[in-house]
Every structure is written in C-alpha cells, then in structure tokens.
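*Asks:* Below is the file work-v3.tsv, with TSV, C-alpha atoms.
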chain	number	residue	atom	x	y	z
A	2	MET	CA	20.19	-11.63	17.58
A	3	LEU	CA	22.22	-9.65	15.06
A	4	LYS	CA	22.34	-10.69	11.42
A	5	VAL	CA	23.60	-9.47	8.04
A	6	PRO	CA	21.19	-7.00	6.34
A	7	GLN	CA	19.24	-8.70	3.57
A	8	HIS	CA	18.78	-5.59	1.45
A	9	GLN	CA	22.09	-3.75	1.65
A	10	VAL	CA	23.07	-2.39	-1.78
A	11	ALA	CA	26.23	-0.33	-1.11
A	12	GLY	CA	29.08	0.01	1.35
A	13	HIS	CA	31.10	-2.66	3.13
A	14	GLU	CA	29.24	-5.93	3.61
A	15	ALA	CA	29.48	-8.08	6.73
A	16	GLY	CA	30.79	-11.62	6.34
A	17	VAL	CA	33.38	-14.10	7.53
A	18	GLY	CA	36.40	-11.96	8.31
A	19	LYS	CA	34.68	-8.90	6.86
A	20	LEU	CA	33.54	-5.89	8.85
A	21	GLY	CA	30.15	-4.52	7.90
A	22	PRO	CA	26.75	-3.46	9.26
A	23	LEU	CA	24.28	-5.69	11.07
A	24	VAL	CA	20.58	-5.52	11.90
A	25	ASP	CA	18.36	-6.90	14.63
A	26	GLU	CA	14.72	-7.95	14.74
A	27	SER	CA	13.57	-4.73	16.42
A	28	GLY	CA	14.38	-2.54	13.41
A	29	ARG	CA	17.81	-1.22	14.33
A	30	PHE	CA	20.77	-0.99	11.99
A	31	TYR	CA	24.27	-1.30	13.49
A	32	LYS	CA	26.96	0.48	11.48
A	33	PRO	CA	30.59	-0.10	12.56
A	34	LEU	CA	32.06	3.15	13.80
A	35	GLN	CA	35.19	4.07	11.87
A	36	GLY	CA	38.12	4.51	14.19
A	37	ASP	CA	39.43	7.78	12.76
A	38	GLU	CA	37.85	11.22	12.52
A	39	ARG	CA	35.21	9.91	10.12
A	40	GLY	CA	33.59	7.96	12.93
A	41	SER	CA	33.60	10.87	15.37
A	42	ASN	CA	32.30	13.19	12.63
A	43	GLU	CA	29.33	10.95	11.95
A	44	VAL	CA	28.47	10.57	15.63
A	45	ALA	CA	28.70	14.34	16.10
A	46	PHE	CA	26.46	14.96	13.10
A	47	TYR	CA	23.73	12.55	14.16
A	48	SER	CA	23.89	13.82	17.75
A	49	SER	CA	23.41	17.39	16.58
A	50	LEU	CA	20.29	16.73	14.49
A	51	PRO	CA	17.66	16.74	17.29
A	52	VAL	CA	18.93	20.00	18.79
A	53	ASN	CA	19.86	21.91	15.64
A	54	SER	CA	17.25	24.64	15.24
A	55	GLY	CA	18.39	25.29	11.67
A	56	ILE	CA	16.87	22.03	10.46
A	57	PRO	CA	13.09	22.35	9.93
A	58	GLU	CA	10.86	19.57	11.23
A	59	HIS	CA	9.74	18.55	7.73
A	60	ILE	CA	13.39	18.08	6.73
A	61	ARG	CA	14.29	15.94	9.76
A	62	ARG	CA	12.22	13.07	8.35
A	63	PHE	CA	14.79	12.63	5.59
A	64	PHE	CA	17.43	11.51	8.10
A	65	PRO	CA	17.46	8.02	9.67
A	66	THR	CA	16.49	7.90	13.34
A	67	PHE	CA	19.61	7.83	15.52
A	68	TYR	CA	19.62	5.69	18.68
A	69	GLY	CA	23.15	6.46	19.85
A	70	THR	CA	26.16	4.14	19.89
A	71	GLU	CA	26.56	0.64	21.28
A	72	LEU	CA	29.31	-1.93	21.76
A	73	VAL	CA	28.39	-5.10	19.87
A	74	GLU	CA	30.27	-8.08	18.46
A	75	ALA	CA	31.86	-7.08	15.18
A	76	SER	CA	30.85	-9.06	12.10
A	77	ASP	CA	34.47	-9.92	11.30
A	78	GLY	CA	34.93	-11.77	14.60
A	79	SER	CA	37.37	-9.24	16.02
A	80	GLY	CA	35.39	-8.77	19.25
A	81	LEU	CA	33.41	-5.89	20.69
A	82	LEU	CA	33.33	-2.77	18.53
A	83	LEU	CA	31.48	0.52	18.86
A	84	HIS	CA	28.64	0.83	16.34
A	85	LEU	CA	26.28	3.61	15.32
A	86	VAL	CA	22.73	2.45	16.01
A	87	LEU	CA	20.32	3.72	13.36
A	88	GLU	CA	16.89	3.03	11.96
A	89	ASP	CA	16.73	-0.02	9.68
A	90	LEU	CA	15.28	1.59	6.55
A	91	ALA	CA	14.27	-1.76	5.05
A	92	LEU	CA	12.28	-2.89	8.09
A	93	GLY	CA	8.78	-4.05	7.22
A	94	ARG	CA	9.46	-4.13	3.49
A	95	VAL	CA	9.21	-7.53	1.83
A	96	ASN	CA	10.87	-7.09	-1.57
A	97	PRO	CA	12.03	-3.48	-1.76
A	98	SER	CA	13.63	-1.92	-4.81
A	99	ILE	CA	16.47	0.27	-3.54
A	100	MET	CA	18.93	2.68	-5.11
A	101	ASP	CA	21.85	4.38	-3.33
A	102	ILE	CA	22.84	7.58	-5.16
A	103	LYS	CA	25.98	9.43	-4.07
A	104	ILE	CA	25.38	13.16	-4.55
A	105	GLY	CA	27.90	15.74	-5.73
A	106	SER	CA	30.37	16.07	-8.58
A	107	ARG	CA	33.05	16.21	-5.91
A	108	THR	CA	33.10	13.57	-3.17
A	109	TRP	CA	35.98	15.06	-1.23
A	110	ALA	CA	36.21	18.12	0.98
A	111	PRO	CA	38.83	20.85	0.49
A	112	GLU	CA	40.13	20.02	3.97
A	113	ALA	CA	40.88	16.40	3.02
A	114	SER	CA	44.44	15.11	2.54
A	115	GLU	CA	46.01	15.00	-0.91
A	116	LYS	CA	46.08	11.20	-0.72
A	117	TYR	CA	42.37	10.98	0.03
A	118	ILE	CA	41.50	13.52	-2.67
A	119	GLU	CA	43.46	11.54	-5.24
A	120	LYS	CA	41.61	8.37	-4.24
A	121	CYS	CA	38.23	10.09	-4.56
A	122	LEU	CA	39.11	11.74	-7.87
A	123	LYS	CA	39.90	8.35	-9.38
A	124	LYS	CA	36.43	7.07	-8.45
A	125	ASP	CA	34.76	10.30	-9.57
A	126	ARG	CA	36.46	10.12	-12.98
A	127	GLU	CA	35.44	6.50	-13.49
A	128	SER	CA	31.80	7.19	-12.73
A	129	SER	CA	29.03	9.62	-13.65
A	130	SER	CA	29.91	11.93	-10.74
A	131	LEU	CA	31.72	14.49	-12.88
A	132	PRO	CA	29.35	14.73	-15.85
A	133	LEU	CA	26.09	14.32	-13.91
A	134	GLY	CA	26.85	15.51	-10.39
A	135	PHE	CA	25.85	12.14	-8.92
A	136	ARG	CA	26.53	8.43	-9.33
A	137	ILE	CA	24.79	5.20	-8.42
A	138	SER	CA	26.66	3.46	-5.59
A	139	GLY	CA	24.50	0.35	-5.61
A	140	LEU	CA	20.99	-0.86	-6.33
A	141	GLN	CA	18.56	-3.72	-6.42
A	142	ILE	CA	15.39	-3.88	-8.49
A	143	TYR	CA	12.71	-6.41	-7.68
A	144	ARG	CA	11.51	-8.27	-10.76
A	145	SER	CA	9.16	-11.08	-9.71
A	146	LYS	CA	8.85	-14.05	-7.35
A	147	GLU	CA	10.40	-16.27	-10.00
A	148	LEU	CA	13.28	-13.97	-10.95
A	149	GLY	CA	13.93	-12.25	-7.63
A	150	PHE	CA	16.13	-9.15	-7.67
A	151	TRP	CA	18.37	-7.65	-10.30
A	152	LYS	CA	21.38	-6.58	-8.23
A	153	PRO	CA	24.54	-5.65	-10.15
A	154	GLY	CA	27.89	-5.69	-8.43
A	155	LYS	CA	28.70	-2.48	-6.57
A	156	LYS	CA	31.86	-1.72	-8.56
A	157	ALA	CA	30.00	-2.18	-11.83
A	158	ALA	CA	27.10	-0.02	-10.64
A	159	GLN	CA	29.47	2.78	-9.64
A	160	LYS	CA	31.05	2.80	-13.11
A	161	LEU	CA	27.81	3.15	-15.05
A	162	SER	CA	28.12	5.67	-17.86
A	163	THR	CA	25.86	8.70	-18.21
A	164	GLU	CA	23.50	6.95	-20.61
A	165	GLU	CA	23.42	3.83	-18.46
A	166	VAL	CA	22.52	5.86	-15.37
A	167	LYS	CA	19.60	7.40	-17.28
A	168	LEU	CA	18.50	3.93	-18.34
A	169	VAL	CA	18.69	2.52	-14.80
A	170	LEU	CA	16.61	5.40	-13.43
A	171	ARG	CA	13.92	4.34	-15.92
A	172	ARG	CA	14.40	0.64	-15.19
A	173	PHE	CA	13.93	1.35	-11.50
A	174	VAL	CA	10.25	2.19	-12.07
A	175	SER	CA	9.46	-0.24	-14.90
A	176	SER	CA	7.31	-3.36	-14.85
A	177	ASN	CA	9.12	-5.32	-17.55
A	178	THR	CA	11.93	-7.55	-16.35
A	179	LEU	CA	15.62	-7.08	-16.94
A	180	ASN	CA	16.44	-10.49	-18.36
A	181	ASP	CA	15.18	-9.58	-21.83
A	182	SER	CA	17.87	-7.52	-23.55
A	183	ASP	CA	15.46	-6.49	-26.30
A	184	SER	CA	12.78	-5.03	-24.04
A	185	LYS	CA	12.81	-1.33	-23.26
A	186	PRO	CA	11.84	0.09	-19.85
A	187	ASP	CA	8.14	0.93	-19.80
A	188	CYS	CA	8.29	3.24	-16.75
A	189	ALA	CA	4.95	1.75	-15.66
A	190	PHE	CA	5.37	2.86	-12.05
A	191	ALA	CA	6.94	6.27	-12.70
A	192	SER	CA	3.77	8.20	-11.87
A	193	THR	CA	3.18	6.38	-8.56
A	194	VAL	CA	6.81	6.14	-7.42
A	195	TYR	CA	8.44	9.31	-8.79
A	196	GLY	CA	5.28	11.40	-9.17
A	197	GLY	CA	2.42	12.58	-6.98
A	198	SER	CA	2.36	14.75	-3.88
A	199	THR	CA	4.14	12.11	-1.80
A	200	GLY	CA	6.39	10.64	-4.51
A	201	ILE	CA	10.14	10.74	-4.77
A	202	LEU	CA	10.24	13.89	-6.93
A	203	SER	CA	8.14	15.80	-4.40
A	204	GLN	CA	10.46	14.70	-1.59
A	205	LEU	CA	13.56	15.66	-3.56
A	206	LEU	CA	12.07	19.09	-4.23
A	207	GLU	CA	11.56	19.59	-0.49
A	208	LEU	CA	15.24	18.81	0.06
A	209	LYS	CA	16.24	21.11	-2.80
A	210	ALA	CA	14.30	24.02	-1.31
A	211	TRP	CA	16.14	23.56	1.98
A	212	PHE	CA	19.58	23.20	0.39
A	213	GLU	CA	19.01	26.42	-1.55
A	214	ASP	CA	19.09	28.25	1.78
A	215	GLN	CA	20.90	26.10	4.34
A	216	THR	CA	24.49	27.09	5.11
A	217	ILE	CA	24.96	24.95	8.22
A	218	PHE	CA	26.52	21.89	6.61
A	219	HIS	CA	28.48	20.87	3.55
A	220	LEU	CA	27.87	17.19	2.82
A	221	TYR	CA	30.53	15.27	0.91
A	222	SER	CA	30.13	11.64	-0.20
A	223	CYS	CA	26.59	11.66	1.18
A	224	SER	CA	23.89	9.58	-0.51
A	225	VAL	CA	20.19	9.79	-1.26
A	226	LEU	CA	18.60	6.38	-0.73
A	227	MET	CA	15.46	5.75	-2.80
A	228	ILE	CA	13.20	2.85	-1.85
A	229	PHE	CA	9.77	1.50	-2.81
A	230	GLU	CA	7.89	-1.79	-3.18
A	231	LYS	CA	6.94	-2.91	-6.68
A	232	GLU	CA	4.50	-5.58	-5.46
A	233	LEU	CA	2.37	-2.94	-3.72
A	234	ALA	CA	2.33	-0.86	-6.90
A	235	LEU	CA	1.18	-3.91	-8.88
A	236	GLU	CA	-1.71	-4.32	-6.44
A	237	GLY	CA	-2.74	-0.71	-6.96
A	238	LYS	CA	-1.59	0.28	-3.47
A	239	SER	CA	0.83	2.98	-2.41
A	240	PRO	CA	4.35	1.68	-3.14
A	241	GLY	CA	5.73	3.42	-0.05
A	242	ALA	CA	8.17	5.52	-2.09
A	243	GLN	CA	10.65	7.15	0.25
A	244	ILE	CA	14.01	8.89	0.24
A	245	LYS	CA	16.53	9.19	3.05
A	246	LEU	CA	19.88	10.93	3.33
A	247	ILE	CA	22.61	8.55	4.55
A	248	ASP	CA	26.38	8.48	5.19
A	249	PHE	CA	27.65	11.49	7.10
A	250	ALA	CA	31.31	10.70	7.75
A	251	HIS	CA	32.37	13.69	5.63
A	252	VAL	CA	30.23	16.54	6.90
A	253	TYR	CA	31.86	19.95	7.36
A	254	GLU	CA	30.65	23.28	8.68
A	255	GLY	CA	28.96	25.42	6.03
A	256	ARG	CA	30.27	28.68	7.52
A	257	GLY	CA	27.50	30.67	5.93
A	258	VAL	CA	28.07	29.32	2.41
A	259	ILE	CA	25.52	27.31	0.41
A	260	ASP	CA	26.57	23.73	-0.37
A	261	HIS	CA	26.61	24.16	-4.16
A	262	ASN	CA	28.31	20.80	-4.69
A	263	PHE	CA	25.46	18.85	-3.08
A	264	LEU	CA	22.75	21.18	-4.38
A	265	GLY	CA	24.02	20.94	-7.96
A	266	GLY	CA	24.02	17.14	-7.88
A	267	LEU	CA	20.57	17.07	-6.30
A	268	CYS	CA	19.20	19.36	-9.02
A	269	SER	CA	20.72	17.15	-11.69
A	270	LEU	CA	18.99	14.07	-10.24
A	271	ILE	CA	15.72	16.00	-10.02
A	272	LYS	CA	16.01	16.99	-13.66
A	273	PHE	CA	16.40	13.40	-14.84
A	274	ILE	CA	13.50	12.14	-12.73
A	275	TYR	CA	11.34	15.04	-13.88
A	276	LYS	CA	12.12	14.18	-17.50
A	277	ILE	CA	11.02	10.56	-16.93
A	278	LEU	CA	7.68	11.81	-15.59
A	279	THR	CA	7.07	14.36	-18.33
A	280	THR	CA	8.29	12.31	-21.32
A	281	PRO	CA	7.07	8.76	-20.63
A	282	SER	CA	7.03	7.98	-24.35
A	283	GLU	CA	10.82	8.08	-24.35
A	284	CYS	CA	10.79	4.93	-22.24
A	285	LYS	CA	9.54	3.12	-25.33
A	286	ILE	CA	11.24	4.92	-28.18
A	287	GLU	CA	14.63	5.91	-26.81
A	288	VAL	CA	17.06	4.97	-29.59
A	289	SER	CA	20.15	4.47	-27.42
A	290	ALA	CA	18.36	2.40	-24.79
A	291	LYS	CA	18.52	-0.91	-26.62
A	292	ALA	CA	22.30	-0.88	-27.01
A	293	ASP	CA	22.89	0.26	-23.44
A	294	GLN	CA	20.41	-2.27	-22.12
A	295	LYS	CA	22.37	-5.10	-23.71
A	296	LYS	CA	25.47	-3.87	-21.94
A	297	LEU	CA	23.59	-3.73	-18.67
A	298	THR	CA	22.71	-7.43	-18.86
A	299	ALA	CA	25.78	-8.78	-20.59
A	300	SER	CA	28.19	-9.54	-17.77
A	301	ASP	CA	28.14	-11.98	-14.87
A	302	ASN	CA	27.16	-9.36	-12.35
A	303	GLY	CA	24.50	-7.83	-14.55
A	304	VAL	CA	26.39	-4.73	-15.64
A	305	GLU	CA	29.03	-4.10	-18.23
A	306	THR	CA	30.00	-0.46	-18.41
A	307	ASP	CA	31.44	1.60	-21.20
A	308	GLN	CA	33.66	4.44	-20.00
A	309	LYS	CA	33.78	6.73	-23.01
A	310	ASN	CA	34.28	10.49	-23.17
A	311	LEU	CA	31.29	11.86	-21.31
A	312	THR	CA	30.23	15.44	-21.90
A	313	ALA	CA	26.79	16.35	-20.61
A	314	TYR	CA	25.20	19.68	-21.41
A	315	ASP	CA	21.51	19.07	-20.83
A	316	ASN	CA	21.73	19.05	-17.05
A	317	GLY	CA	23.86	22.16	-16.70
A	318	VAL	CA	26.95	20.20	-15.71
A	319	VAL	CA	29.77	20.18	-18.23
A	320	ALA	CA	32.63	17.71	-17.81
A	321	ASP	CA	34.91	15.63	-19.99
A	322	ARG	CA	37.09	13.07	-18.25
A	323	LYS	CA	39.81	13.15	-20.85
A	324	ASN	CA	40.05	16.92	-20.81
A	325	LEU	CA	40.49	17.39	-17.07
A	326	PRO	CA	43.55	19.55	-16.43
A	327	VAL	CA	46.58	17.61	-15.25
A	328	SER	CA	49.36	18.77	-12.96
A	329	ASP	CA	52.42	16.94	-11.70
A	330	ASN	CA	50.50	15.44	-8.81
A	331	ASP	CA	47.23	15.14	-10.80
A	332	VAL	CA	45.32	16.55	-7.81
A	333	ALA	CA	46.00	20.25	-7.56
A	334	ALA	CA	44.90	20.95	-11.11
A	335	ASP	CA	41.71	18.95	-10.71
A	336	ARG	CA	40.96	20.70	-7.46
A	337	LYS	CA	41.22	24.05	-9.18
A	338	SER	CA	38.99	23.04	-12.05
A	339	LEU	CA	36.42	21.42	-9.80
A	340	THR	CA	36.12	24.44	-7.57
A	341	ASN	CA	35.25	26.75	-10.40
A	342	SER	CA	31.54	27.36	-10.90
A	343	HIS	CA	30.73	26.57	-7.29
A	344	ASP	CA	32.66	23.34	-6.63
A	345	GLY	CA	32.57	21.90	-10.10
A	346	VAL	CA	28.88	22.13	-10.85
A	347	VAL	CA	27.65	24.80	-13.23
A	348	ASP	CA	25.32	26.91	-11.18
A	349	ASP	CA	22.07	26.47	-13.06
A	350	HIS	CA	20.13	25.15	-10.08
A	351	LYS	CA	18.69	28.57	-9.37
A	352	HIS	CA	16.70	28.20	-12.58
A	353	ILE	CA	15.29	24.76	-11.76
A	354	THR	CA	11.85	25.44	-10.36
A	355	TYR	CA	10.02	22.21	-11.02
A	356	SER	CA	6.76	21.52	-9.27
A	357	VAL	CA	5.38	18.03	-8.78
A	358	ASN	CA	3.07	18.33	-11.76
A	359	GLY	CA	5.02	20.62	-14.03
A	360	VAL	CA	7.19	23.67	-14.18
A	361	SER	CA	6.35	26.54	-11.91
In structure tokens, what does this structure look like?
*Replies:*
Amino acid sequence: MLKVPQHQVAGHEAGVGKLGPLVDESGRFYKPLQGDERGSNEVAFYSSLPVNSGIPEHIRRFFPTFYGTELVEASDGSGLLLHLVLEDLALGRVNPSIMDIKIGSRTWAPEASEKYIEKCLKKDRESSSLPLGFRISGLQIYRSKELGFWKPGKKAAQKLSTEEVKLVLRRFVSSNTLNDSDSKPDCAFASTVYGGSTGILSQLLELKAWFEDQTIFHLYSCSVLMIFEKELALEGKSPGAQIKLIDFAHVYEGRGVIDHNFLGGLCSLIKFIYKILTTPSECKIEVSAKADQKKLTASDNGVETDQKNLTAYDNGVVADRKNLPVSDNDVAADRKSLTNSHDGVVDDHKHITYSVNGVS
C-alpha cells in the first residue's frame, strides 16, 4: 500500500491531482521519474553507483540505496507511471528533525538552456545560494509532543536571508522551542548532532575530502539531507545524526575537473557548523538573533524573510545581489560572473582543514 511520505520537507508533494513521491511499509521511496532528460540522467547516475570504481566504499553510504525503477499508480491519478525506487530515509524514525540543503552557488549547469538558467538564477538571487554557496530547500524541527514540528513553507524556507540561515542552523540543534520569539537558540544538541566522530560535521568532512579529489561528476542542484531525532538526544541516546546526498537529475561528467561549485558550497556549510560547535556561547549572546528570530516566527507559515543586500565575506564567498552584472538577456552576464573564481565560489576551500575536534 503506497502512501504520501509523512516527513517530506522539499520537492513536489503528492496529493489530489498533484504528482509527488510515495512510500510503502517496507521502507521504499517511490519518486516519479521525470519524462525528459532529467529522469534518464537520474536513473543513469543511480545505476552507475554500484559499479563505479571511482567512488570509495565509505562514500557510497552517503547515497540512498537504489532499487531500480517500477511502474506504480501515480499520486495525481493519471495512471501507471515509472518511478525511481529508493531507500526511505525516514524509515524507523518517529519524530525526525530534517533539513534539505541545496549545495552550490550555482544550481544550473553550463550545458543547460538559457531559459532554464534564467529560471535558476532567479531562485539563486532570492535565496542564500549566491552569498553562502548553499540554501535551505525545506526543513522540519521537532519541538515536543504538545507542539509537534516547526515546518515553514518551502518557498519561505528557500528565501531565508544569510542571517536567518545561520539562525536556523542553530535552531536545528536547540532544545528550546520556536514559539517563543524572545528565546535564543541554546544549541543544546550541537555537540551530539553536529559534533563527535560520527556526527554531521565528521560526515561532511568525509564528503569534502572526496570532493577535493573526485573529478568524475559535477553535481548541480543536488542536496545534502541532514536528519536526527531530538527525543533520543533528550534521553541521552545517540540521536542517529545522518547525512545523505539526494537529487541527481542534474549530474554531468566531471571530465577531469574538480567540482568547485559543489565543493565551495559544502565548505561554506562546514564552516558554519564548525562555528556553532566552537562558539556555543554565541547561541545565547548573538545580538542579531533576536530580531531575526521574530521574523522567523511572524508569518502564517512560520517564516518571514527579509531580502536585503547580502554580502558575505567570512565564508570566503563574496556576492551582492544588487551588484550582479546585467546584460540584455540578464543571463549571459551572470553566467560570466558566476564562472569566475571556479564557478562563482571564491576558492578558499583548500584552506579549510577542520577536524572534528578543532583545526588541523
């Protein structure tokens, strides 16, 4: 019996007349196969994973298990449709906190059409993708049995400003609830979720080490999914912190070139998480947090964003939405500017050598 996923935080959602993914009781996730080249690209990518000798065994665990394709009834009632059959990453988790983070300052490939590039650029400009090298595509944070989840709308989550993204990364591992606009994130679970030898930072560093060398793939519009269980952390147990790479409809051959766009965004995310672990006091004294927090809880869907000029220097990525070069078609100029400094991300990732417990 197929049903709508309970813990989906991003992407198209299944519903009456709406096409989206489904899950079954055995732990399989059915993702509708897109009818154009994106669908065939994703199938080809997943099919290549088990036989690709360039992917080390310890890196394979960051990809969902692929079970092939299957014809199943589409969620929109249109009849049988081919679906990717993948591992259900939420299986066995009761109340998981989940964050979908789209990696890269550029979510489009050079080979893409001008129309598609223009569409992606609009989203990139309206989010933290340009200044940070990543953006939050969707999330849910478990609060308590009484309050349930804090789950902002996907569009609102994607338009979070730089400061709001920093705040949400702290909120993600905090024990205090999100309904109190005056409370600041306490980062109570940062050390058990982000830190430690099996925590999220350690896993991200494993991925970073591989992306510093791998030239097989270039991943565009690919996400890192972070997941853990707050209730287990409250009981003093392992929260089951885990990351997975998802969404491979826009994978291209690396042709011997490092994927600086993905690597730069990954390093930026690592830097922010590392800062949360090494400066926990900032969770309580951050001056800008209170104002941003009020914005994060002010609207009906839980998020009200403020799209100001965003210029970030501390993560090695420099961008200002209002100062992006403009050409007649608004795409060519942006493409040129975003492909400087290795696809739009200032190449400081070679100098990021964090270890789990400090700086190596």
*Asks:* So that I can see what lies close to Ser98 (chain A), please list as an MDAnalysis selection string the residues with an atom at most 6 Å from it, counting all atoms listed in the file and leaving out residues fewer than 5 positions away in the same chain.
*Replies:* chainID A and resid 141:143 228:230
*Asks:* When you draw a straight line from CA of Ala113 (chain A) to CA of Phe135 (chain A), how long is it in Å?
*Replies:* 19.7 Å
*Asks:* Would you mind reading off the distance between CA of Lys167 (chain A) and CA of Lys272 (chain A), one decimal, in Å?
*Replies:*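 According to the coordinates, CA of Lys167 (chain A) and CA of Lys272 (chain A) are separated by 10.9 Å.
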*Asks:* May I have the centre and edge lengths, in Å to one decimal, of an axis-aligned box around the listed atoms of region 201-209 of chain A with 6 Å added to every side, as lines of an AutoDock Vina configuration file?
*Replies:*
center_x = 12.2
center_y = 15.9
center_z = -3.4
size_x = 20.1
size_y = 22.4
size_z = 19.0
*Asks:* What's the separation between CA of Leu133 (chain A) and CA of Thr108 (chain A), in Å to one decimal place?
*Replies:*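 One can read the CA of Leu133 (chain A) to CA of Thr108 (chain A) distance as 12.8 Å.
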*Asks:* Using only C-alpha atoms, which residues sit within 6 Å of region 207-216 of chain A once same-chain residues fewer than 2 positions away are excluded, as a list of chain:residue names?
*Replies:* A:Gln204, A:Leu205, A:Phe218, A:Gly255, A:Gly257, A:Val258, A:Ile259
*Asks:* Could you list, as a VMD selection string, every residue within 9 Å of region 101-107 of chain A, counting all atoms listed in the file and ignoring same-chain residues fewer than 2 positions away?
*Replies:* chain A and resid 10 to 11 99 109 to 110 121 to 122 125 129 to 140 220 to 228 247 261 to 267 270 318 339 to 340 344 to 346
*Asks:* Residues near region 15-31 of chain A, anyone? I mean within 6 Å using only C-alpha atoms, not counting same-chain ones fewer than 6 positions away, as number ranges by chain.
*Replies:* A: 2-6, 76-77, 84-89, 92
